[in-house]
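Chemist: Structure supplied as input_29.pdb; contents: PDB, C-alpha atoms.
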```pdb
MODEL        1
ATOM      1  CA  MET A   1     -92.614 -39.447  -0.644
ATOM      2  CA  LYS A   2     -89.344 -37.826   0.438
ATOM      3  CA  ALA A   3     -86.607 -37.172  -2.106
ATOM      4  CA  VAL A   4     -83.379 -35.216  -2.263
ATOM      5  CA  ILE A   5     -83.562 -32.769  -5.141
ATOM      6  CA  TYR A   6     -81.411 -30.001  -6.594
ATOM      7  CA  THR A   7     -82.703 -27.183  -8.759
ATOM      8  CA  GLU A   8     -79.394 -25.472  -9.441
ATOM      9  CA  TYR A   9     -75.822 -26.610  -9.982
ATOM     10  CA  GLY A  10     -73.254 -26.083  -7.294
ATOM     11  CA  PRO A  11     -71.700 -27.378  -4.059
ATOM     12  CA  PRO A  12     -73.317 -30.017  -1.819
ATOM     13  CA  GLU A  13     -75.552 -27.362  -0.258
ATOM     14  CA  VAL A  14     -77.735 -27.291  -3.387
ATOM     15  CA  LEU A  15     -79.150 -30.672  -2.320
ATOM     16  CA  HIS A  16     -82.236 -30.521  -0.126
ATOM     17  CA  LEU A  17     -84.891 -32.916   1.108
ATOM     18  CA  THR A  18     -88.476 -32.293   0.029
ATOM     19  CA  GLU A  19     -91.773 -34.029  -0.684
ATOM     20  CA  VAL A  20     -92.441 -35.185  -4.248
ATOM     21  CA  GLU A  21     -95.107 -37.367  -5.817
ATOM     22  CA  LYS A  22     -94.653 -41.097  -5.348
ATOM     23  CA  PRO A  23     -94.287 -42.822  -8.734
ATOM     24  CA  THR A  24     -96.676 -45.472 -10.036
ATOM     25  CA  PRO A  25     -95.203 -48.395 -12.007
ATOM     26  CA  LYS A  26     -96.184 -48.852 -15.640
ATOM     27  CA  ASP A  27     -97.208 -52.271 -16.941
ATOM     28  CA  ASN A  28     -93.560 -53.310 -17.506
ATOM     29  CA  GLU A  29     -92.118 -51.661 -14.397
ATOM     30  CA  ILE A  30     -91.502 -52.456 -10.757
ATOM     31  CA  LEU A  31     -91.827 -49.996  -7.868
ATOM     32  CA  ILE A  32     -88.831 -50.244  -5.550
ATOM     33  CA  LYS A  33     -88.704 -48.991  -1.982
ATOM     34  CA  VAL A  34     -85.114 -47.791  -1.893
ATOM     35  CA  TYR A  35     -83.208 -48.614   1.283
ATOM     36  CA  ALA A  36     -79.723 -47.599   0.142
ATOM     37  CA  ARG A  37     -78.031 -45.731  -2.681
ATOM     38  CA  SER A  38     -74.365 -44.940  -3.300
ATOM     39  CA  VAL A  39     -72.739 -41.551  -3.813
ATOM     40  CA  GLY A  40     -70.815 -42.150  -7.034
ATOM     41  CA  TYR A  41     -68.511 -40.135  -9.239
ATOM     42  CA  GLY A  42     -71.382 -39.528 -11.653
ATOM     43  CA  ASP A  43     -73.495 -37.980  -8.889
ATOM     44  CA  LEU A  44     -70.733 -35.559  -7.972
ATOM     45  CA  VAL A  45     -70.146 -34.557 -11.593
ATOM     46  CA  ALA A  46     -73.861 -34.144 -12.362
ATOM     47  CA  ARG A  47     -74.458 -32.019  -9.269
ATOM     48  CA  ASN A  48     -71.825 -29.497 -10.346
ATOM     49  CA  PHE A  49     -71.843 -30.026 -14.119
ATOM     50  CA  ARG A  50     -72.223 -26.357 -15.003
ATOM     51  CA  SER A  51     -68.651 -25.769 -13.802
ATOM     52  CA  ILE A  52     -67.179 -28.754 -15.701
ATOM     53  CA  THR A  53     -65.157 -27.456 -18.655
ATOM     54  CA  PRO A  54     -64.504 -29.459 -21.836
ATOM     55  CA  ARG A  55     -60.927 -29.930 -20.602
ATOM     56  CA  GLU A  56     -62.105 -31.311 -17.252
ATOM     57  CA  PHE A  57     -64.747 -33.532 -18.869
ATOM     58  CA  ASN A  58     -63.427 -37.078 -18.774
ATOM     59  CA  MET A  59     -64.704 -38.050 -22.224
ATOM     60  CA  PRO A  60     -63.971 -36.687 -25.739
ATOM     61  CA  SER A  61     -64.740 -32.960 -25.848
ATOM     62  CA  LEU A  62     -67.182 -33.505 -28.728
ATOM     63  CA  LEU A  63     -69.491 -35.219 -26.228
ATOM     64  CA  TRP A  64     -69.404 -32.282 -23.790
ATOM     65  CA  VAL A  65     -72.121 -30.269 -25.564
ATOM     66  CA  PRO A  66     -74.660 -33.126 -25.931
ATOM     67  CA  THR A  67     -73.991 -34.079 -22.311
ATOM     68  CA  LYS A  68     -74.648 -30.470 -21.311
ATOM     69  CA  LEU A  69     -77.963 -30.631 -23.155
ATOM     70  CA  VAL A  70     -78.908 -33.881 -21.388
ATOM     71  CA  PHE A  71     -78.057 -32.537 -17.913
ATOM     72  CA  GLY A  72     -79.390 -29.023 -18.562
ATOM     73  CA  LEU A  73     -77.582 -25.878 -19.681
ATOM     74  CA  ARG A  74     -78.370 -23.456 -16.862
ATOM     75  CA  LYS A  75     -80.305 -25.626 -14.430
ATOM     76  CA  PRO A  76     -80.546 -29.400 -13.906
ATOM     77  CA  ARG A  77     -83.129 -31.162 -16.056
ATOM     78  CA  ILE A  78     -83.019 -34.252 -13.835
ATOM     79  CA  ARG A  79     -83.607 -33.086 -10.277
ATOM     80  CA  ILE A  80     -83.109 -36.326  -8.337
ATOM     81  CA  LEU A  81     -79.625 -37.859  -8.364
ATOM     82  CA  GLY A  82     -78.593 -41.392  -7.394
ATOM     83  CA  SER A  83     -77.610 -43.992  -9.985
ATOM     84  CA  GLU A  84     -77.090 -47.140  -7.875
ATOM     85  CA  LEU A  85     -79.551 -48.618  -5.423
ATOM     86  CA  ALA A  86     -80.713 -51.548  -3.358
ATOM     87  CA  GLY A  87     -84.174 -52.050  -1.956
ATOM     88  CA  GLU A  88     -87.371 -54.091  -1.991
ATOM     89  CA  VAL A  89     -90.062 -54.492  -4.624
ATOM     90  CA  GLU A  90     -93.260 -52.879  -3.337
ATOM     91  CA  ALA A  91     -95.446 -53.208  -6.450
ATOM     92  CA  VAL A  92     -95.247 -54.675  -9.955
ATOM     93  CA  GLY A  93     -96.877 -53.768 -13.254
ATOM     94  CA  LYS A  94     -99.349 -56.218 -14.774
ATOM     95  CA  ASP A  95     -96.852 -57.481 -17.400
ATOM     96  CA  VAL A  96     -93.970 -58.105 -14.983
ATOM     97  CA  THR A  97     -92.853 -61.735 -14.646
ATOM     98  CA  ARG A  98     -89.296 -61.563 -13.238
ATOM     99  CA  PHE A  99     -90.230 -60.049  -9.877
ATOM    100  CA  LYS A 100     -92.833 -60.277  -7.157
ATOM    101  CA  VAL A 101     -93.675 -58.030  -4.230
ATOM    102  CA  GLY A 102     -91.121 -58.450  -1.449
ATOM    103  CA  ASP A 103     -88.154 -59.353  -3.668
ATOM    104  CA  GLN A 104     -84.867 -57.812  -2.580
ATOM    105  CA  VAL A 105     -83.218 -56.129  -5.563
ATOM    106  CA  TYR A 106     -80.269 -54.020  -6.606
ATOM    107  CA  GLY A 107     -79.883 -51.966  -9.743
ATOM    108  CA  TYR A 108     -78.500 -49.160 -11.850
ATOM    109  CA  PRO A 109     -80.900 -46.477 -13.134
ATOM    110  CA  GLY A 110     -77.920 -44.960 -14.958
ATOM    111  CA  GLN A 111     -78.139 -41.470 -16.422
ATOM    112  CA  ASN A 112     -81.825 -41.341 -15.539
ATOM    113  CA  PHE A 113     -80.690 -41.188 -11.887
ATOM    114  CA  GLY A 114     -83.603 -41.015  -9.397
ATOM    115  CA  ALA A 115     -82.348 -43.239  -6.572
ATOM    116  CA  ASN A 116     -82.099 -40.394  -4.020
ATOM    117  CA  ALA A 117     -85.765 -40.883  -3.202
ATOM    118  CA  GLU A 118     -87.778 -43.249  -1.056
ATOM    119  CA  TYR A 119     -89.227 -44.925  -4.172
ATOM    120  CA  ILE A 120     -88.228 -45.406  -7.799
ATOM    121  CA  CYS A 121     -89.741 -47.223 -10.776
ATOM    122  CA  MET A 122     -87.526 -49.285 -13.055
ATOM    123  CA  ARG A 123     -88.277 -51.339 -16.142
ATOM    124  CA  GLU A 124     -88.360 -55.071 -15.510
ATOM    125  CA  ASN A 125     -85.838 -55.627 -18.321
ATOM    126  CA  GLY A 126     -83.588 -52.765 -17.211
ATOM    127  CA  SER A 127     -80.431 -52.974 -15.119
ATOM    128  CA  VAL A 128     -82.118 -54.397 -12.037
ATOM    129  CA  THR A 129     -82.203 -57.873 -10.558
ATOM    130  CA  HIS A 130     -82.254 -59.812  -7.292
ATOM    131  CA  LYS A 131     -79.554 -58.619  -4.928
ATOM    132  CA  PRO A 132     -76.758 -60.878  -3.601
ATOM    133  CA  ALA A 133     -78.063 -62.799  -0.594
ATOM    134  CA  ASN A 134     -74.821 -62.339   1.346
ATOM    135  CA  MET A 135     -74.760 -58.533   1.082
ATOM    136  CA  SER A 136     -76.621 -55.935   3.084
ATOM    137  CA  TYR A 137     -78.613 -53.271   1.255
ATOM    138  CA  GLU A 138     -75.834 -50.772   1.978
ATOM    139  CA  GLU A 139     -73.196 -53.046   0.467
ATOM    140  CA  ALA A 140     -75.287 -54.068  -2.537
ATOM    141  CA  ALA A 141     -75.984 -50.425  -3.416
ATOM    142  CA  THR A 142     -72.277 -49.865  -4.112
ATOM    143  CA  VAL A 143     -71.939 -52.697  -6.623
ATOM    144  CA  PRO A 144     -74.002 -52.334  -9.836
ATOM    145  CA  TYR A 145     -72.289 -49.602 -11.876
ATOM    146  CA  GLY A 146     -68.659 -50.306 -11.062
ATOM    147  CA  ALA A 147     -68.923 -54.068 -11.244
ATOM    148  CA  MET A 148     -70.847 -54.006 -14.549
ATOM    149  CA  MET A 149     -68.314 -51.654 -16.133
ATOM    150  CA  ALA A 150     -65.340 -53.653 -14.850
ATOM    151  CA  LEU A 151     -66.830 -56.998 -15.937
ATOM    152  CA  ASN A 152     -67.537 -55.763 -19.466
ATOM    153  CA  LEU A 153     -64.294 -53.899 -20.018
ATOM    154  CA  LEU A 154     -61.978 -56.589 -18.658
ATOM    155  CA  LYS A 155     -63.444 -59.047 -21.172
ATOM    156  CA  LYS A 156     -61.602 -57.020 -23.811
ATOM    157  CA  ALA A 157     -58.321 -57.766 -22.039
ATOM    158  CA  ASN A 158     -58.833 -61.558 -22.029
ATOM    159  CA  ILE A 159     -56.846 -61.884 -18.815
ATOM    160  CA  ARG A 160     -55.118 -65.219 -18.297
ATOM    161  CA  PRO A 161     -53.749 -66.805 -15.115
ATOM    162  CA  GLY A 162     -50.277 -65.573 -14.236
ATOM    163  CA  GLN A 163     -50.488 -62.306 -16.159
ATOM    164  CA  LYS A 164     -49.536 -59.064 -14.480
ATOM    165  CA  VAL A 165     -52.312 -56.462 -14.358
ATOM    166  CA  LEU A 166     -52.154 -52.881 -13.079
ATOM    167  CA  ILE A 167     -55.346 -51.010 -12.136
ATOM    168  CA  ASN A 168     -54.777 -47.247 -12.158
ATOM    169  CA  GLY A 169     -57.590 -45.943  -9.959
ATOM    170  CA  ALA A 170     -58.032 -49.143  -7.946
ATOM    171  CA  SER A 171     -60.009 -47.578  -5.112
ATOM    172  CA  GLY A 172     -62.845 -46.129  -7.198
ATOM    173  CA  SER A 173     -66.160 -47.628  -8.178
ATOM    174  CA  ILE A 174     -64.884 -49.310 -11.353
ATOM    175  CA  GLY A 175     -61.310 -49.912 -10.253
ATOM    176  CA  SER A 176     -62.134 -51.683  -6.998
ATOM    177  CA  TYR A 177     -64.169 -54.301  -8.864
ATOM    178  CA  ALA A 178     -61.713 -54.539 -11.760
ATOM    179  CA  LEU A 179     -59.046 -55.421  -9.196
ATOM    180  CA  GLN A 180     -61.145 -58.247  -7.765
ATOM    181  CA  LEU A 181     -62.239 -59.580 -11.151
ATOM    182  CA  ALA A 182     -58.647 -59.637 -12.402
ATOM    183  CA  LYS A 183     -57.656 -61.561  -9.262
ATOM    184  CA  HIS A 184     -60.538 -63.954  -9.885
ATOM    185  CA  ASP A 185     -59.124 -64.563 -13.382
ATOM    186  CA  GLY A 186     -55.789 -65.542 -11.843
ATOM    187  CA  ALA A 187     -53.773 -62.377 -12.456
ATOM    188  CA  GLU A 188     -51.097 -60.840 -10.264
ATOM    189  CA  VAL A 189     -52.655 -57.442  -9.579
ATOM    190  CA  THR A 190     -51.110 -54.101  -8.709
ATOM    191  CA  GLY A 191     -53.459 -51.365  -7.562
ATOM    192  CA  VAL A 192     -52.697 -47.664  -7.824
ATOM    193  CA  CYS A 193     -54.491 -45.285  -5.442
ATOM    194  CA  GLY A 194     -54.027 -42.360  -3.055
ATOM    195  CA  THR A 195     -52.612 -42.596   0.451
ATOM    196  CA  ALA A 196     -55.967 -42.672   2.259
ATOM    197  CA  ARG A 197     -57.118 -45.758   0.362
ATOM    198  CA  VAL A 198     -54.000 -47.933   0.350
ATOM    199  CA  GLU A 199     -55.341 -50.178   3.111
ATOM    200  CA  MET A 200     -58.695 -50.526   1.344
ATOM    201  CA  VAL A 201     -56.998 -51.694  -1.863
ATOM    202  CA  LYS A 202     -54.960 -54.211   0.143
ATOM    203  CA  ARG A 203     -58.171 -55.500   1.753
ATOM    204  CA  LEU A 204     -59.644 -56.061  -1.698
ATOM    205  CA  GLY A 205     -56.820 -58.457  -2.508
ATOM    206  CA  ALA A 206     -54.212 -56.497  -4.452
ATOM    207  CA  ASP A 207     -50.840 -58.253  -4.561
ATOM    208  CA  HIS A 208     -49.061 -54.892  -4.703
ATOM    209  CA  VAL A 209     -50.227 -51.345  -4.006
ATOM    210  CA  ILE A 210     -48.684 -48.146  -5.360
ATOM    211  CA  ASP A 211     -49.458 -44.830  -3.689
ATOM    212  CA  TYR A 212     -49.458 -42.415  -6.621
ATOM    213  CA  THR A 213     -48.563 -39.506  -4.314
ATOM    214  CA  CYS A 214     -45.237 -41.220  -3.609
ATOM    215  CA  GLU A 215     -44.484 -43.214  -6.756
ATOM    216  CA  ASP A 216     -45.153 -42.953 -10.503
ATOM    217  CA  PHE A 217     -45.861 -46.446 -11.815
ATOM    218  CA  THR A 218     -44.551 -45.476 -15.252
ATOM    219  CA  GLN A 219     -41.127 -44.797 -13.737
ATOM    220  CA  ASN A 220     -40.592 -47.861 -11.525
ATOM    221  CA  GLY A 221     -39.255 -50.221 -14.221
ATOM    222  CA  GLN A 222     -42.080 -52.768 -13.832
ATOM    223  CA  GLN A 223     -43.956 -54.118 -16.855
ATOM    224  CA  TYR A 224     -47.547 -55.334 -17.070
ATOM    225  CA  ASP A 225     -49.559 -57.388 -19.530
ATOM    226  CA  VAL A 226     -52.583 -55.158 -18.949
ATOM    227  CA  ILE A 227     -52.835 -51.606 -17.645
ATOM    228  CA  PHE A 228     -56.434 -50.633 -16.931
ATOM    229  CA  ASP A 229     -56.524 -46.848 -16.542
ATOM    230  CA  VAL A 230     -59.963 -46.021 -15.193
ATOM    231  CA  LEU A 231     -59.861 -42.230 -15.565
ATOM    232  CA  GLY A 232     -57.425 -41.987 -18.471
ATOM    233  CA  LYS A 233     -54.680 -40.381 -16.387
ATOM    234  CA  SER A 234     -51.752 -42.001 -18.218
ATOM    235  CA  THR A 235     -50.915 -41.436 -21.873
ATOM    236  CA  PHE A 236     -49.724 -44.191 -24.177
ATOM    237  CA  PRO A 237     -46.310 -42.563 -24.833
ATOM    238  CA  ARG A 238     -45.754 -42.366 -21.083
ATOM    239  CA  ALA A 239     -47.162 -45.792 -20.210
ATOM    240  CA  LYS A 240     -45.818 -47.876 -23.110
ATOM    241  CA  LYS A 241     -42.526 -48.665 -21.395
ATOM    242  CA  SER A 242     -44.589 -50.130 -18.523
ATOM    243  CA  LEU A 243     -46.284 -52.570 -20.917
ATOM    244  CA  THR A 244     -44.923 -55.920 -22.024
ATOM    245  CA  PRO A 245     -44.188 -56.189 -25.781
ATOM    246  CA  ASN A 246     -47.763 -57.415 -26.393
ATOM    247  CA  GLY A 247     -49.328 -55.486 -23.548
ATOM    248  CA  LEU A 248     -52.721 -53.776 -23.560
ATOM    249  CA  LEU A 249     -53.538 -50.278 -22.278
ATOM    250  CA  LEU A 250     -57.281 -50.171 -21.571
ATOM    251  CA  TYR A 251     -59.244 -46.955 -21.035
ATOM    252  CA  THR A 252     -62.823 -46.498 -19.870
ATOM    253  CA  SER A 253     -62.536 -42.689 -19.752
ATOM    254  CA  PHE A 254     -60.704 -41.188 -22.686
ATOM    255  CA  LYS A 255     -60.028 -38.123 -24.798
ATOM    256  CA  LEU A 256     -59.232 -37.636 -28.488
ATOM    257  CA  PRO A 257     -55.472 -38.385 -28.049
ATOM    258  CA  HIS A 258     -56.356 -41.749 -26.482
ATOM    259  CA  LEU A 259     -58.610 -42.556 -29.440
ATOM    260  CA  LEU A 260     -55.879 -41.617 -31.906
ATOM    261  CA  HIS A 261     -53.440 -43.947 -30.172
ATOM    262  CA  MET A 262     -56.047 -46.714 -30.373
ATOM    263  CA  LEU A 263     -56.335 -46.208 -34.129
ATOM    264  CA  ARG A 264     -52.570 -46.142 -34.565
ATOM    265  CA  THR A 265     -52.054 -49.386 -32.634
ATOM    266  CA  ALA A 266     -55.127 -51.245 -33.954
ATOM    267  CA  ARG A 267     -53.178 -53.200 -36.546
ATOM    268  CA  SER A 268     -50.052 -53.497 -34.475
ATOM    269  CA  GLY A 269     -48.707 -56.924 -33.677
ATOM    270  CA  GLY A 270     -47.430 -55.581 -30.366
ATOM    271  CA  GLN A 271     -48.731 -53.138 -27.792
ATOM    272  CA  LYS A 272     -52.298 -51.925 -28.181
ATOM    273  CA  VAL A 273     -54.531 -49.193 -26.837
ATOM    274  CA  VAL A 274     -58.256 -49.909 -26.371
ATOM    275  CA  CYS A 275     -60.841 -47.240 -25.544
ATOM    276  CA  ALA A 276     -64.204 -48.762 -24.754
ATOM    277  CA  PHE A 277     -67.682 -48.062 -23.496
ATOM    278  CA  SER A 278     -69.470 -50.720 -21.496
ATOM    279  CA  GLY A 279     -72.836 -52.361 -21.835
ATOM    280  CA  GLU A 280     -75.346 -52.787 -19.042
ATOM    281  CA  GLY A 281     -78.353 -54.946 -18.228
ATOM    282  CA  TYR A 282     -79.754 -57.373 -15.700
ATOM    283  CA  ALA A 283     -77.858 -60.338 -17.188
ATOM    284  CA  TYR A 284     -74.581 -58.727 -16.137
ATOM    285  CA  LEU A 285     -75.966 -58.052 -12.668
ATOM    286  CA  ASP A 286     -77.012 -61.708 -12.391
ATOM    287  CA  THR A 287     -73.437 -62.747 -13.194
ATOM    288  CA  ILE A 288     -72.107 -60.299 -10.620
ATOM    289  CA  ARG A 289     -74.534 -61.599  -7.995
ATOM    290  CA  GLU A 290     -73.185 -65.109  -8.564
ATOM    291  CA  LEU A 291     -69.613 -63.859  -8.155
ATOM    292  CA  VAL A 292     -70.527 -62.033  -4.945
ATOM    293  CA  GLU A 293     -72.284 -65.064  -3.501
ATOM    294  CA  ALA A 294     -69.280 -67.221  -4.447
ATOM    295  CA  GLY A 295     -66.980 -64.887  -2.517
ATOM    296  CA  ALA A 296     -65.109 -63.551  -5.557
ATOM    297  CA  ILE A 297     -66.339 -59.962  -5.126
ATOM    298  CA  THR A 298     -66.782 -57.897  -1.987
ATOM    299  CA  THR A 299     -67.061 -54.219  -1.189
ATOM    300  CA  VAL A 300     -65.911 -51.739   1.429
ATOM    301  CA  VAL A 301     -68.439 -49.248   2.803
ATOM    302  CA  ASP A 302     -66.723 -46.363   4.563
ATOM    303  CA  ARG A 303     -69.632 -44.291   5.859
ATOM    304  CA  THR A 304     -73.409 -44.168   5.640
ATOM    305  CA  PHE A 305     -75.609 -41.080   5.910
ATOM    306  CA  PRO A 306     -79.391 -40.788   6.272
ATOM    307  CA  LEU A 307     -81.365 -39.352   3.365
ATOM    308  CA  ASP A 308     -81.736 -35.958   5.046
ATOM    309  CA  GLN A 309     -77.935 -35.680   5.189
ATOM    310  CA  ALA A 310     -77.322 -36.190   1.472
ATOM    311  CA  ALA A 311     -75.386 -32.917   1.256
ATOM    312  CA  GLU A 312     -73.026 -34.101   3.995
ATOM    313  CA  ALA A 313     -72.620 -37.426   2.165
ATOM    314  CA  HIS A 314     -71.608 -35.600  -1.038
ATOM    315  CA  ARG A 315     -69.248 -33.336   0.876
ATOM    316  CA  TYR A 316     -67.537 -36.313   2.483
ATOM    317  CA  ALA A 317     -67.392 -38.279  -0.798
ATOM    318  CA  GLU A 318     -65.462 -35.492  -2.523
ATOM    319  CA  SER A 319     -63.307 -34.555   0.467
ATOM    320  CA  GLY A 320     -60.523 -36.992  -0.392
ATOM    321  CA  GLN A 321     -60.870 -38.587   3.044
ATOM    322  CA  ARG A 322     -63.060 -41.535   2.195
ATOM    323  CA  THR A 323     -61.616 -45.023   2.610
ATOM    324  CA  GLY A 324     -64.402 -46.879   0.846
ATOM    325  CA  HIS A 325     -67.833 -46.302  -0.652
ATOM    326  CA  VAL A 326     -70.224 -43.658   0.685
ATOM    327  CA  VAL A 327     -73.879 -44.681   1.015
ATOM    328  CA  ILE A 328     -77.136 -42.832   1.725
ATOM    329  CA  THR A 329     -79.777 -44.879   3.561
ATOM    330  CA  SER A 330     -83.517 -44.613   4.219
ATOM    331  CA  GLY A 331     -86.426 -46.733   5.402
ATOM    332  CA  ALA A 332     -86.773 -49.677   7.775
ATOM    333  CA  GLN A 333     -84.525 -52.592   6.873
TER     334      GLN A 333
ENDMDL
END
```
Mind turning the file's structure into structure tokens?
Modeler:
Amino acid sequence: MKAVIYTEYGPPEVLHLTEVEKPTPKDNEILIKVYARSVGYGDLVARNFRSITPREFNMPSLLWVPTKLVFGLRKPRIRILGSELAGEVEAVGKDVTRFKVGDQVYGYPGQNFGANAEYICMRENGSVTHKPANMSYEEAATVPYGAMMALNLLKKANIRPGQKVLINGASGSIGSYALQLAKHDGAEVTGVCGTARVEMVKRLGADHVIDYTCEDFTQNGQQYDVIFDVLGKSTFPRAKKSLTPNGLLLYTSFKLPHLLHMLRTARSGGQKVVCAFSGEGYAYLDTIRELVEAGAITTVVDRTFPLDQAAEAHRYAESGQRTGHVVITSGAQ
């Protein structure tokens, strides 16, 4: 089968199409013919991880070394990227009961990656399930990671109708779904993004949009019940005046200072900081499918590239020009 591999870290040019062995599903696995996969933030980081310093790493620095070991110190240990996908079940292991050949699915292989290939095997009880019926393969491939993270993390905010919520990073994979889920919960939502993606964030339903190149949300005098900072760009001392007296500052990417502020505010009767990781699994994807089919969640695909143009897809995804998700396609659909 064809797959896009990389054997050294670096710019998009390190990606190249080659022939690799087609996988065979184990007893508890399904073989998926992949029709579409997204180009996510994790793909871009993994491709060039050798140049990522502890300061640039968007998690606590203590995790930088073990992450280096997982990815590979000098050369990539995992050679096929791609952590979100949509496709069709081509074969099932003998113990599989949730799927049959021909089922349309979408899923999240996660840090195992592997979706930048014509075929991938995934465990039946992993983060894979039947794709939303009202989405194309290209659209469905942009959903799993961001929507799962947003769904899990926003539960910690317990958003109620009428509350004011700000999503800092509203055009990214997590932020774009957090925006829609907060709207679904009845919140008045403000999205923060760059100039190129203002219209996209409006299309996703934001009540207000702030272009961070023109305005600093921490300086505009507005207050929010929840600030969801996807990439940990705002500090608690800077953002606290933008929170209501009982407001919550929620981080999904965080450093040691963020964690210290969480500890300091944990027993506070007022403003709180929460740093959280998210769970994953097919049950979450089933919930997301229901929300998509009910019209509560949509997506915006900017551009698609064929599998043999994966390098161009990565280059475009990190160019700052994208106005939606970037997807790599393959196979008859």
Chemist: For A:Arg197, which residue out of A:Ser234, A:Asn246, A:Ser268, A:Thr323 is the nearest one, using all atoms listed in the file?
Modeler: A:Thr323
Chemist: Take atom CA of A:Arg267 and atom CA of A:Lys233 and report the distance between them in Å, one decimal.
Modeler: 23.9 Å
Chemist: Against stretch 278-302 of chain A, which residues of stretch 228-271 of chain A fall within 12 Å? For each one I want the closest pair of atoms and the distance in Å (one decimal), counting all atoms listed in the file, rows by chain and increasing residue number, as a Markdown table.
Modeler:
```
| residue | atom | partner | partner_atom | distance |
| --- | --- | --- | --- | --- |
| A:Tyr251 | CA | A:Ser278 | CA | 10.9 |
| A:Thr252 | CA | A:Ser278 | CA | 8.0 |
| A:Ser253 | CA | A:Ser278 | CA | 10.8 |
```
Chemist: Mind listing as a PyMOL selection string all residues within 10 Å of (-65.1, -34.9, -18.8), counting all atoms listed in the file?
Modeler: chain A and resi 45+49+52-61+63-64+67+231+253-255
Chemist: Which residue, A:Cys214, A:Ala36, A:Cys275, A:Leu44, has the smallest gap to A:Phe305 when you use all atoms listed in the file?
Modeler: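 Among A:Cys214, A:Ala36, A:Cys275, A:Leu44, it is A:Ala36 that comes nearest to A:Phe305.
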Chemist: What is the distance, in Å and to one decimal place, between atom CA of A:Pro144 and atom CA of A:Ser176?
Modeler: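 Computing the Euclidean distance for atom CA of A:Pro144 and atom CA of A:Ser176 yields 12.2 Å.
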Chemist: Given the choices A:His314, A:His130, A:Leu263, A:Ala157, which gets closest to A:Ala46 if the distance is worked out from only C-alpha atoms?
Modeler: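 Among A:His314, A:His130, A:Leu263, A:Ala157, it is A:His314 that comes nearest to A:Ala46.
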